[in-house]
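Below: target38.txt (compact mmCIF, C-alpha atoms)
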# COMPACT_ATOMS: atom_id res chain seq x y z
CA MET A 298 81.29 87.74 128.76
CA PRO A 299 81.41 88.86 125.09
CA ARG A 300 79.45 86.58 122.75
CA HIS A 301 80.09 86.34 119.00
CA VAL A 302 76.85 86.67 117.06
CA LYS A 303 78.91 86.62 113.83
CA THR A 304 82.49 85.41 113.58
CA ALA A 305 85.17 86.23 111.02
CA PRO A 306 86.26 83.01 109.28
CA GLY A 307 88.97 84.83 107.36
CA ARG A 308 90.87 85.61 110.55
CA SER A 309 92.02 82.01 110.78
CA ASN A 310 94.14 82.58 107.67
CA GLN A 311 95.88 85.73 108.92
CA GLY A 312 98.64 83.81 110.61
CA GLN A 313 99.71 82.03 107.45
CA SER A 314 103.35 82.28 106.52
CA GLN A 315 104.55 85.47 104.83
CA THR A 316 107.73 83.73 103.69
CA GLU A 317 107.05 84.00 99.96
CA LEU A 318 106.12 87.68 100.22
CA ARG A 319 109.28 88.43 102.17
CA LYS A 320 111.46 86.52 99.71
CA THR A 321 109.89 88.23 96.70
CA VAL A 322 110.37 91.72 98.12
CA GLU A 323 113.87 90.90 99.32
CA SER A 324 114.86 89.82 95.81
CA LEU A 325 113.33 92.94 94.26
CA ILE A 326 115.21 95.26 96.62
CA ALA A 327 118.45 93.35 96.06
CA ASP A 328 117.99 93.70 92.30
CA ILE A 329 117.44 97.45 92.62
CA GLU A 330 120.56 97.73 94.77
CA ALA A 331 122.58 95.78 92.24
CA ARG A 332 121.34 97.24 88.94
CA GLY A 333 119.86 100.58 89.91
CA GLU A 334 117.63 102.34 87.42
CA SER A 335 117.63 99.42 84.98
CA ALA A 336 115.97 97.22 87.60
CA VAL A 337 113.51 99.96 88.53
CA ARG A 338 112.51 100.39 84.89
CA GLU A 339 112.06 96.67 84.34
CA MET A 340 109.84 96.40 87.43
CA SER A 341 107.78 99.40 86.41
CA GLN A 342 107.22 97.86 83.00
CA ARG A 343 106.49 94.43 84.47
CA PHE A 344 104.09 95.46 87.23
CA ASP A 345 102.51 98.65 85.87
CA GLY A 346 103.13 98.53 82.12
CA TRP A 347 104.92 101.85 82.52
CA ASP A 348 108.31 102.71 80.99
CA PRO A 349 108.45 106.48 80.38
CA GLU A 350 111.50 108.46 79.32
CA ARG A 351 111.64 109.77 82.91
CA PHE A 352 109.58 109.00 86.00
CA ARG A 353 109.61 112.54 87.34
CA LEU A 354 106.77 114.66 86.03
CA ALA A 355 107.81 117.99 84.54
CA ASP A 356 106.27 121.19 85.87
CA GLU A 357 104.18 121.59 82.72
CA GLU A 358 102.80 118.05 83.09
CA ILE A 359 101.79 118.76 86.67
CA GLU A 360 100.20 122.05 85.67
CA ALA A 361 98.30 120.33 82.85
CA ALA A 362 96.89 117.81 85.31
CA VAL A 363 95.75 120.58 87.64
CA GLN A 364 94.22 122.61 84.80
CA SER A 365 92.32 119.59 83.50
CA LEU A 366 90.19 119.41 86.64
CA PRO A 367 86.95 121.27 87.40
CA ARG A 368 87.26 124.27 89.71
CA GLN A 369 85.09 122.50 92.29
CA THR A 370 87.53 119.59 92.48
CA ILE A 371 90.46 121.94 93.09
CA ASP A 372 88.46 123.83 95.72
CA ASP A 373 87.53 120.60 97.49
CA ILE A 374 91.12 119.34 97.53
CA THR A 375 92.29 122.73 98.80
CA TYR A 376 89.63 122.74 101.53
CA ALA A 377 90.69 119.29 102.76
CA GLN A 378 94.34 120.28 102.78
CA GLU A 379 93.56 123.44 104.74
CA GLN A 380 91.93 121.37 107.48
CA ILE A 381 94.82 118.91 107.67
CA ARG A 382 97.42 121.69 107.61
CA ARG A 383 95.62 123.63 110.35
CA PHE A 384 95.56 120.68 112.74
CA ALA A 385 99.14 119.66 111.91
CA LEU A 386 100.37 123.19 112.65
CA VAL A 387 98.54 123.16 115.99
CA GLN A 388 100.26 119.86 116.79
CA ARG A 389 103.63 121.32 115.76
CA GLU A 390 103.11 124.31 118.02
CA ALA A 391 102.46 121.94 120.94
CA ILE A 392 105.90 120.32 120.52
CA LYS A 393 108.31 122.53 122.44
CA ASP A 394 112.06 122.72 122.75
CA VAL A 395 113.05 122.58 126.42
CA GLU A 396 116.04 123.63 128.55
CA VAL A 397 116.44 123.22 132.30
CA GLU A 398 119.17 123.66 134.91
CA SER A 399 118.72 120.22 136.45
CA ILE A 400 121.17 120.92 139.31
CA PRO A 401 123.33 124.02 139.83
CA GLY A 402 125.68 124.38 136.86
CA VAL A 403 124.19 121.54 134.75
CA VAL A 404 122.00 122.58 131.80
CA LEU A 405 120.05 119.92 129.89
CA GLY A 406 117.82 120.44 126.90
CA HIS A 407 116.24 119.01 123.82
CA LYS A 408 115.47 120.39 120.39
CA ASN A 409 112.98 119.18 117.79
CA ILE A 410 114.64 119.16 114.38
CA PRO A 411 112.68 118.30 111.20
CA VAL A 412 113.81 115.30 109.17
CA ASP A 413 115.65 116.71 106.16
CA SER A 414 114.28 114.64 103.25
CA VAL A 415 110.95 112.81 103.04
CA GLY A 416 109.62 110.27 100.55
CA CYS A 417 105.83 110.07 100.40
CA TYR A 418 104.10 107.10 98.76
CA VAL A 419 100.59 107.79 97.49
CA PRO A 420 98.96 104.49 96.47
CA GLY A 421 96.82 103.86 93.41
CA GLY A 422 95.63 100.44 92.34
CA ARG A 423 91.98 99.69 93.09
CA TYR A 424 91.25 103.33 93.89
CA PRO A 425 93.28 106.52 93.41
CA MET A 426 94.03 107.60 96.99
CA VAL A 427 93.95 111.37 96.66
CA ALA A 428 93.63 111.88 100.43
CA SER A 429 96.91 110.08 101.10
CA ALA A 430 98.71 112.97 99.41
CA HIS A 431 97.24 115.38 101.96
CA MET A 432 98.09 113.22 104.93
CA SER A 433 101.77 112.74 104.12
CA ILE A 434 102.92 115.76 102.11
CA VAL A 435 100.96 118.45 103.95
CA THR A 436 102.03 117.06 107.32
CA ALA A 437 105.70 116.87 106.35
CA ARG A 438 105.53 120.47 105.21
CA ALA A 439 103.89 121.53 108.47
CA ALA A 440 106.77 119.87 110.33
CA GLY A 441 109.28 121.99 108.39
CA CYS A 442 111.00 119.29 106.31
CA ARG A 443 113.28 120.80 103.65
CA ARG A 444 112.65 118.35 100.81
CA VAL A 445 109.49 116.35 100.17
CA ILE A 446 109.24 114.07 97.14
CA ALA A 447 106.24 111.92 96.27
CA CYS A 448 105.56 108.83 94.17
CA THR A 449 102.29 107.43 92.87
CA PRO A 450 101.69 104.63 90.35
CA PRO A 451 100.19 105.32 86.91
CA THR A 452 96.46 104.75 86.51
CA GLU A 453 95.74 102.88 83.28
CA GLY A 454 99.06 104.00 81.84
CA LYS A 455 98.86 107.70 82.68
CA PRO A 456 98.85 110.09 85.62
CA HIS A 457 95.66 110.30 87.67
CA ALA A 458 94.92 114.01 87.45
CA GLU A 459 93.24 114.39 90.86
CA THR A 460 96.09 112.64 92.64
CA ILE A 461 98.75 114.69 90.83
CA ALA A 462 96.87 117.89 91.67
CA ALA A 463 96.63 116.91 95.33
CA MET A 464 100.35 116.15 95.48
CA SER A 465 101.21 119.47 93.84
CA LEU A 466 98.84 121.56 95.96
CA ALA A 467 100.14 119.83 99.08
CA GLY A 468 103.63 121.14 98.33
CA ALA A 469 105.64 118.22 96.91
CA ASP A 470 109.02 119.36 95.52
CA GLU A 471 109.08 116.46 93.05
CA ILE A 472 106.35 114.15 91.76
CA HIS A 473 107.33 110.80 90.26
CA LEU A 474 104.93 108.53 88.40
CA ILE A 475 106.03 105.15 89.69
CA GLY A 476 104.57 102.65 92.11
CA GLY A 477 105.15 99.58 94.23
CA VAL A 478 108.39 98.22 95.65
CA GLN A 479 110.36 99.99 92.93
CA ALA A 480 109.07 103.37 94.14
CA VAL A 481 109.75 102.98 97.86
CA ALA A 482 113.08 101.22 97.32
CA GLY A 483 114.08 103.83 94.75
CA MET A 484 113.36 106.63 97.22
CA ALA A 485 115.18 104.89 100.05
CA LEU A 486 118.24 103.91 98.02
CA GLY A 487 118.48 106.99 95.81
CA VAL A 488 117.92 105.19 92.52
CA ALA A 489 116.42 106.50 89.25
CA GLY A 490 116.41 110.08 90.49
CA LEU A 491 114.07 109.20 93.34
CA GLY A 492 116.14 110.00 96.39
CA PRO A 493 117.74 109.28 98.68
CA VAL A 494 115.33 110.22 101.46
CA ASP A 495 115.59 109.95 105.23
CA ILE A 496 112.08 108.67 105.96
CA LEU A 497 109.40 106.84 103.95
CA VAL A 498 105.74 107.47 104.72
CA GLY A 499 102.38 106.53 103.27
CA PRO A 500 100.20 103.43 102.92
CA GLY A 501 100.39 100.79 100.21
CA ASN A 502 99.68 97.18 99.40
CA ALA A 503 101.31 94.20 101.11
CA TYR A 504 104.42 94.47 98.90
CA VAL A 505 104.90 98.14 99.68
CA ALA A 506 104.44 97.48 103.40
CA GLU A 507 106.97 94.64 103.30
CA ALA A 508 109.44 96.78 101.37
CA LYS A 509 109.18 99.48 104.03
CA ARG A 510 109.75 96.85 106.73
CA GLN A 511 112.89 95.58 105.01
CA LEU A 512 114.20 99.09 104.34
CA TYR A 513 113.62 100.26 107.91
CA GLY A 514 116.96 101.04 109.50
CA ARG A 515 118.46 102.37 106.33
CA VAL A 516 115.64 104.90 106.39
CA GLY A 517 112.92 105.70 108.88
CA ILE A 518 109.30 104.74 108.24
CA ASP A 519 105.98 105.94 109.61
CA LEU A 520 104.47 102.55 110.49
CA LEU A 521 103.67 99.16 108.99
CA ALA A 522 100.09 99.28 107.74
CA GLY A 523 97.88 96.27 107.12
CA PRO A 524 94.30 96.21 105.79
CA THR A 525 92.13 99.04 107.08
CA GLU A 526 90.01 98.26 110.15
CA VAL A 527 86.79 99.70 111.59
CA LEU A 528 85.18 99.01 114.96
CA VAL A 529 81.76 100.43 115.78
CA ILE A 530 80.89 100.55 119.49
CA ALA A 531 77.14 100.96 119.84
CA ASP A 532 74.34 100.70 122.38
CA GLU A 533 70.55 100.80 122.01
CA THR A 534 70.66 104.47 120.93
CA ALA A 535 72.30 103.50 117.61
CA ASP A 536 70.39 102.35 114.54
CA ALA A 537 71.18 99.52 112.16
CA GLU A 538 71.20 101.75 109.06
CA MET A 539 74.02 103.97 110.34
CA VAL A 540 76.04 101.07 111.75
CA ALA A 541 75.80 99.11 108.48
CA THR A 542 76.67 102.17 106.42
CA ASP A 543 79.76 102.91 108.48
CA LEU A 544 80.96 99.31 108.52
CA LEU A 545 80.55 98.86 104.76
CA GLY A 546 82.13 102.26 104.14
CA GLN A 547 85.42 100.82 105.39
CA ALA A 548 84.91 97.25 104.18
CA GLU A 549 85.04 98.55 100.60
CA HIS A 550 88.77 99.24 101.06
CA GLY A 551 89.58 95.59 100.40
CA PRO A 552 88.37 92.01 100.81
CA THR A 553 90.49 91.49 103.95
CA SER A 554 89.39 94.65 105.79
CA PRO A 555 87.94 93.81 109.23
CA ALA A 556 84.61 95.48 110.10
CA VAL A 557 83.30 94.78 113.61
CA LEU A 558 80.24 95.79 115.63
CA LEU A 559 80.67 95.76 119.40
CA THR A 560 77.30 96.31 121.09
CA THR A 561 75.22 95.91 124.25
CA SER A 562 72.00 95.87 122.17
CA ALA A 563 70.72 92.41 121.26
CA SER A 564 68.15 93.95 118.92
CA LEU A 565 70.86 95.85 117.02
CA ALA A 566 73.02 92.74 116.77
CA GLU A 567 70.04 90.82 115.41
CA ALA A 568 69.00 93.51 112.91
CA LEU A 569 72.44 94.25 111.47
CA PRO A 570 72.93 91.25 109.11
CA ALA A 571 69.71 91.96 107.22
CA GLU A 572 70.56 95.67 106.96
CA ILE A 573 74.05 94.81 105.67
CA ALA A 574 72.50 92.55 103.03
CA ARG A 575 70.03 95.28 102.01
CA GLN A 576 72.74 97.90 101.58
CA LEU A 577 75.03 95.54 99.69
CA GLU A 578 72.35 95.20 97.02
CA GLN A 579 72.74 98.92 96.27
CA LEU A 580 76.44 99.53 96.97
CA GLU A 581 78.63 100.02 93.89
CA THR A 582 81.61 98.48 95.68
CA ALA A 583 79.60 95.48 96.93
CA ASP A 584 81.95 92.97 95.30
CA VAL A 585 84.74 94.03 97.65
CA ALA A 586 82.68 95.04 100.69
CA SER A 587 80.62 91.84 100.69
CA ALA A 588 83.76 89.68 100.71
CA ALA A 589 85.23 91.70 103.57
CA TRP A 590 82.01 91.46 105.60
CA ARG A 591 81.63 87.73 104.88
CA ASP A 592 85.20 86.81 105.83
CA TYR A 593 86.27 89.54 108.27
CA GLY A 594 83.03 90.99 109.63
CA GLU A 595 82.09 90.34 113.24
CA ILE A 596 79.23 91.10 115.62
CA ILE A 597 80.12 90.89 119.31
CA LEU A 598 77.43 91.24 121.98
CA CYS A 599 78.46 92.49 125.42
CA ASP A 600 76.60 92.91 128.72
CA GLU A 601 77.69 96.45 129.61
CA ASP A 602 79.83 99.42 128.57
CA ALA A 603 82.74 98.28 130.71
CA GLU A 604 82.80 94.97 128.87
CA MET A 605 82.76 96.75 125.49
CA LEU A 606 85.62 98.93 126.71
CA ALA A 607 87.75 95.92 127.62
CA GLU A 608 86.97 94.19 124.31
CA ALA A 609 87.74 97.34 122.30
CA ASP A 610 91.12 97.71 124.00
CA ARG A 611 91.83 94.04 123.31
CA LEU A 612 91.07 94.49 119.59
CA ALA A 613 93.11 97.74 119.36
CA PHE A 614 91.57 98.74 116.05
CA GLU A 615 92.63 101.47 113.67
CA HIS A 616 89.30 103.34 113.42
CA VAL A 617 86.80 103.27 116.29
CA GLU A 618 83.36 104.86 116.03
CA VAL A 619 81.47 105.36 119.29
CA LEU A 620 77.68 105.44 118.77
CA THR A 621 76.55 105.35 122.39
CA ARG A 622 74.63 107.48 124.85
CA ASP A 623 77.88 108.63 126.47
CA PRO A 624 80.79 108.66 124.00
CA ASP A 625 83.00 110.44 126.53
CA PHE A 626 82.98 107.28 128.65
CA PHE A 627 85.17 105.70 125.96
CA LEU A 628 87.20 108.84 125.21
CA SER A 629 88.31 109.08 128.83
CA ARG A 630 89.01 105.36 129.29
CA MET A 631 90.07 103.73 126.02
CA ARG A 632 93.80 103.17 125.62
CA ASN A 633 94.30 101.19 122.39
CA TYR A 634 93.06 102.76 119.15
CA GLY A 635 94.27 104.68 116.13
CA SER A 636 91.56 107.35 116.02
CA LEU A 637 88.21 107.80 117.79
CA PHE A 638 85.06 109.12 116.12
CA LEU A 639 82.68 110.25 118.83
CA GLY A 640 78.94 110.34 118.27
CA PRO A 641 76.73 109.84 115.19
CA GLU A 642 77.61 113.24 113.74
CA THR A 643 81.12 112.15 112.75
CA ASN A 644 82.40 109.05 110.97
CA VAL A 645 85.53 107.42 109.60
CA ALA A 646 85.06 108.88 106.11
CA PHE A 647 85.40 112.39 107.59
CA GLY A 648 88.73 111.38 109.11
CA ASP A 649 89.88 109.61 105.97
CA LYS A 650 89.21 112.54 103.67
CA VAL A 651 88.77 115.97 105.14
CA ILE A 652 88.20 116.69 108.82
CA GLY A 653 91.85 117.39 109.64
CA THR A 654 93.22 114.46 111.64
CA ASN A 655 95.64 112.12 109.88
CA HIS A 656 94.26 108.93 108.35
CA THR A 657 97.54 106.97 108.28
CA LEU A 658 96.90 104.91 111.41
CA PRO A 659 98.10 101.73 113.17
CA THR A 660 96.54 98.39 112.21
CA LEU A 661 96.98 94.73 113.20
CA GLY A 662 97.05 95.56 116.93
CA ALA A 663 99.83 98.15 116.60
CA ALA A 664 97.61 100.68 118.40
CA ARG A 665 98.80 98.97 121.60
CA TYR A 666 102.18 100.69 121.20
CA THR A 667 101.92 103.50 118.66
CA GLY A 668 99.68 106.20 117.30
CA GLY A 669 99.42 107.11 113.64
CA LEU A 670 101.26 109.48 111.33
CA TRP A 671 101.41 113.02 112.67
CA VAL A 672 103.65 116.04 112.52
CA GLY A 673 105.84 114.64 115.31
CA LYS A 674 106.81 111.67 113.12
CA PHE A 675 108.80 114.08 110.94
CA LEU A 676 110.72 115.54 113.89
CA LYS A 677 113.83 114.25 115.64
CA THR A 678 113.92 115.08 119.34
CA VAL A 679 117.62 115.43 120.13
CA THR A 680 119.28 116.33 123.42
CA TYR A 681 122.21 118.49 124.50
CA GLN A 682 124.00 119.30 127.75
CA ARG A 683 126.53 121.75 129.18
CA CYS A 684 128.24 122.13 132.59
CA THR A 685 130.07 124.81 134.53
CA PRO A 686 133.57 123.82 135.73
CA GLU A 687 132.25 123.32 139.27
CA ALA A 688 129.39 121.13 138.07
CA SER A 689 131.75 119.14 135.83
CA ALA A 690 133.89 118.23 138.84
CA ALA A 691 130.84 117.31 140.89
CA ILE A 692 129.24 115.15 138.19
CA GLY A 693 132.64 113.71 137.30
CA ALA A 694 133.16 112.20 140.73
CA TYR A 695 129.88 110.30 140.55
CA CYS A 696 130.57 109.28 136.95
CA SER A 697 134.05 107.99 137.84
CA ARG A 698 132.74 105.67 140.53
CA LEU A 699 129.86 104.44 138.34
CA CYS A 700 132.26 103.70 135.48
CA ALA A 701 134.47 101.73 137.88
CA ILE A 702 131.48 99.53 138.81
CA GLU A 703 131.00 98.68 135.13
CA ARG A 704 134.77 98.19 134.49
CA PHE A 705 134.82 100.87 131.79
CA ALA A 706 138.29 102.32 132.24
CA GLY A 707 138.12 104.66 129.26
CA HIS A 708 134.82 106.11 130.42
CA LYS A 709 136.27 106.53 133.91
CA GLU A 710 139.24 108.45 132.58
CA GLN A 711 136.95 110.90 130.78
CA ALA A 712 135.36 111.68 134.13
CA ASP A 713 138.64 111.71 136.06
CA LEU A 714 140.20 114.17 133.62
CA ARG A 715 137.43 116.67 134.37
CA VAL A 716 137.77 116.10 138.10
CA ARG A 717 141.56 116.70 137.95
CA ARG A 718 141.13 119.76 135.80
CA TYR A 719 138.15 121.36 137.54
CA GLY A 720 138.26 120.13 141.12
CA ARG A 721 139.38 117.37 143.49
CA LEU A 722 137.72 114.02 144.17
CA ASN A 723 137.65 114.56 147.92
CA ARG A 724 135.98 117.95 147.73
CA PRO A 725 132.59 117.73 149.51
CA SER A 726 130.76 119.42 146.62
CA ALA A 727 132.10 116.66 144.36
CA GLY A 728 129.78 114.18 146.02
CA ALA A 729 132.16 112.61 148.55
CA GLU A 730 130.28 110.80 151.29
Could the structure of this file be written out as structure tokens, please?
Amino acid sequence: MPRHVKTAPGRSNQGQSQTELRKTVESLIADIEARGESAVREMSQRFDGWDPERFRLADEEIEAAVQSLPRQTIDDITYAQEQIRRFALVQREAIKDVEVESIPGVVLGHKNIPVDSVGCYVPGGRYPMVASAHMSIVTARAAGCRRVIACTPPTEGKPHAETIAAMSLAGADEIHLIGGVQAVAGMALGVAGLGPVDILVGPGNAYVAEAKRQLYGRVGIDLLAGPTEVLVIADETADAEMVATDLLGQAEHGPTSPAVLLTTSASLAEALPAEIARQLEQLETADVASAAWRDYGEIILCDEDAEMLAEADRLAFEHVEVLTRDPDFFLSRMRNYGSLFLGPETNVAFGDKVIGTNHTLPTLGAARYTGGLWVGKFLKTVTYQRCTPEASAAIGAYCSRLCAIERFAGHKEQADLRVRRYGRLNRPSAGAE
């Protein structure tokens, strides 16, 4: 039975009411709906100290941001985007249109049509999230979306050059310097020159996530993201230095980011707290990472791999590193996770920044029912059907009787009309018993 060597006291607060957050966001969206750009401008000034003549960056402003950066930075951003684009295009190629003659004379099919207009949110705040531009904009482009606009908040009252460059190189049609609820609501509702769009994607803080939740239905969304999560599954072949490094590397995202070790090694479980403390003394982001580890860090000791497997599926974490003798044991058996990182040679930072898979992933247990953002999220799989006259009469007879069972007279008449026009109810090929 799994035993907690270290518990996460902060988890007891996660179920606290979100009523105030919901009310606040609801009122902000209602204000934007009612007053349009005036409300957006007031919120931008209030929350970001930002009230420019226009939120959309001009081409020359974007080019100036790109030109201000060292060549190495541009090359590194381009390299990362090439990896993400390559994998997204492979995924797109795997999604096929289909057509089949299901029975003689009945043709059924589906097509995969790109969403027309996409709004990508690239967060700022504590850190400028350059990689989020790759994950959303590049992937939407790989899917074939016609229009891709992107918003990011100002950083200390001005554009963050690396983020703007990443958005431009990724292929955004428009770049708007605006953040928070006002950005995502503006894109969804078509306010302040920001939209309207058909789907909103990209991570953000709790207010952005709640705004996406409330706007869902009027527009599509990728998923509802909470604080980033990392689970390290390790046995006696793993070392405390690597485990601590990889846990703290995600804990620095925010003070409520869960970081969990799941292990069959008692010696590793015992050694980890001291190694965490040692590394925190040197880590530049220790103020954030230490709070996350203190309140949301866990060490869980299991008896065998099968027990770790069951516990990992129960947790259903966003990022899962497997530092064991046989990582493929978990690859072939795990069912609930956002993304797997197999073996000591890879890590979550690779996935977050450059390796090619998408880093917008399910949190808060959502991995039980969904994967993360990928090229398929930007596609609508829609169906079609056609019949020969003979097949229409045959299908119509069955449909007529099934409609009668459900007392849908209008539906029944649709079927009966085809039977009268293309055949007779008592014809054997029409399904008469």
Residue among A:Val645, A:Ala609, A:Ile446, A:Leu521 lying closest to A:Gly668, counting only C-alpha atoms: A:Leu521
Ranking A:Arg622, A:Arg575, A:Arg382, A:Arg443 by minimum distance to A:Ser587 and counting all atoms listed in the file, which one comes first?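 Of all the options, A:Arg575 lies closest to A:Ser587.
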Using all atoms listed in the file for the distances, tell me which of A:Glu459, A:Val505, A:Val498, A:Val404 is nearest to A:Glu323.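 The shortest atom-to-atom distance to A:Glu323 comes from A:Val505.
Distance-wise, atom CA of A:Ala462 and atom CA of A:Ala482 end up 23.9 Å apart.
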So which one's closest to A:Cys448, A:Leu559, A:Ala485, A:Ile329, A:Leu318? Using all atoms listed in the file, please.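 Smallest distance to A:Cys448 is found for A:Ala485.
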Just want the 7 Å neighbourhood of stretch 362-377 of chain A, counted on all atoms listed in the file, with same-chain residues fewer than 5 positions away dropped. Output as a PyMOL selection string. chain A and resi 458+461-463+650-651
Filtering to C-alpha atoms, could you give me those residues as a PDB file, keeping the file's coordinate frame?
ATOM      1  CA  ALA A 458      94.920 114.010  87.450  1.00  0.00           C
ATOM      2  CA  ILE A 461      98.750 114.690  90.830  1.00  0.00           C
ATOM      3  CA  ALA A 462      96.870 117.890  91.670  1.00  0.00           C
ATOM      4  CA  ALA A 463      96.630 116.910  95.330  1.00  0.00           C
ATOM      5  CA  LYS A 650      89.210 112.540 103.670  1.00  0.00           C
ATOM      6  CA  VAL A 651      88.770 115.970 105.140  1.00  0.00           C
TER       7      VAL A 651
END
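The spacing separating atom CA of A:Asp592 from atom CA of A:Thr553 amounts to 7.3 Å.
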Have a look at A:Ser414, A:Thr304, A:Ser689, A:Thr660 and name the one nearest to A:Leu676; count all atoms listed in the file.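 The shortest atom-to-atom distance to A:Leu676 comes from A:Ser414.
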Grab the atom CA of A:Ile530 to atom CA of A:Thr582 distance for me, in Å with one decimal place.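 Result for atom CA of A:Ile530 versus atom CA of A:Thr582: 23.9 Å, one decimal.
Distance annotation: of A:Thr680, A:Cys696, A:Glu390, A:Asp536, the residue with the minimal separation from A:His407 is A:Thr680; atom set is all atoms listed in the file.
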Write out as number ranges by chain which residues come within 12 Å of A:Gly468 when counting only C-alpha atoms, dropping same-chain ones fewer than 5 positions away. A: 375, 378, 382, 417, 430-439, 441-447, 461-463
Protein, DNA and RNA residues within 8 Å of (101.2, 112.6, 83.4), all atoms listed in the file, as a short mmCIF file (atom, residue, chain, number, x, y, z; two decimals) with C-alpha atoms, keeping the file's coordinate frame:
data_model
loop_
_atom_site.label_atom_id
_atom_site.label_comp_id
_atom_site.auth_asym_id
_atom_site.auth_seq_id
_atom_site.Cartn_x
_atom_site.Cartn_y
_atom_site.Cartn_z
CA LEU A 354 106.77 114.66 86.03
CA GLU A 358 102.80 118.05 83.09
CA ILE A 359 101.79 118.76 86.67
CA ALA A 362 96.89 117.81 85.31
CA LYS A 455 98.86 107.70 82.68
CA PRO A 456 98.85 110.09 85.62
CA HIS A 457 95.66 110.30 87.67
CA ALA A 458 94.92 114.01 87.45
CA LEU A 474 104.93 108.53 88.40
#
Tell me, as a list in words, which residues lie within 9 Å of A:Pro686, counting all atoms listed in the file; anything in the same chain fewer than 3 positions away does not count. Gly402, Ser689, Ala690, Ala691, Arg715, Arg718, Tyr719 and Gly720 of chain A
Tell me which protein, DNA and RNA residues are within 12 Å of A:Gly523, counting only C-alpha atoms, leaving out same-chain ones fewer than 4 positions away, and put them as number ranges by chain. A: 311, 499-507, 510, 550-551, 553-555, 614-615, 657-663
For A:Glu549, please output as number ranges by chain all residues within 7 Å (counting all atoms listed in the file; exclusion window: fewer than 4 positions along the same chain). A: 545, 582, 585-586
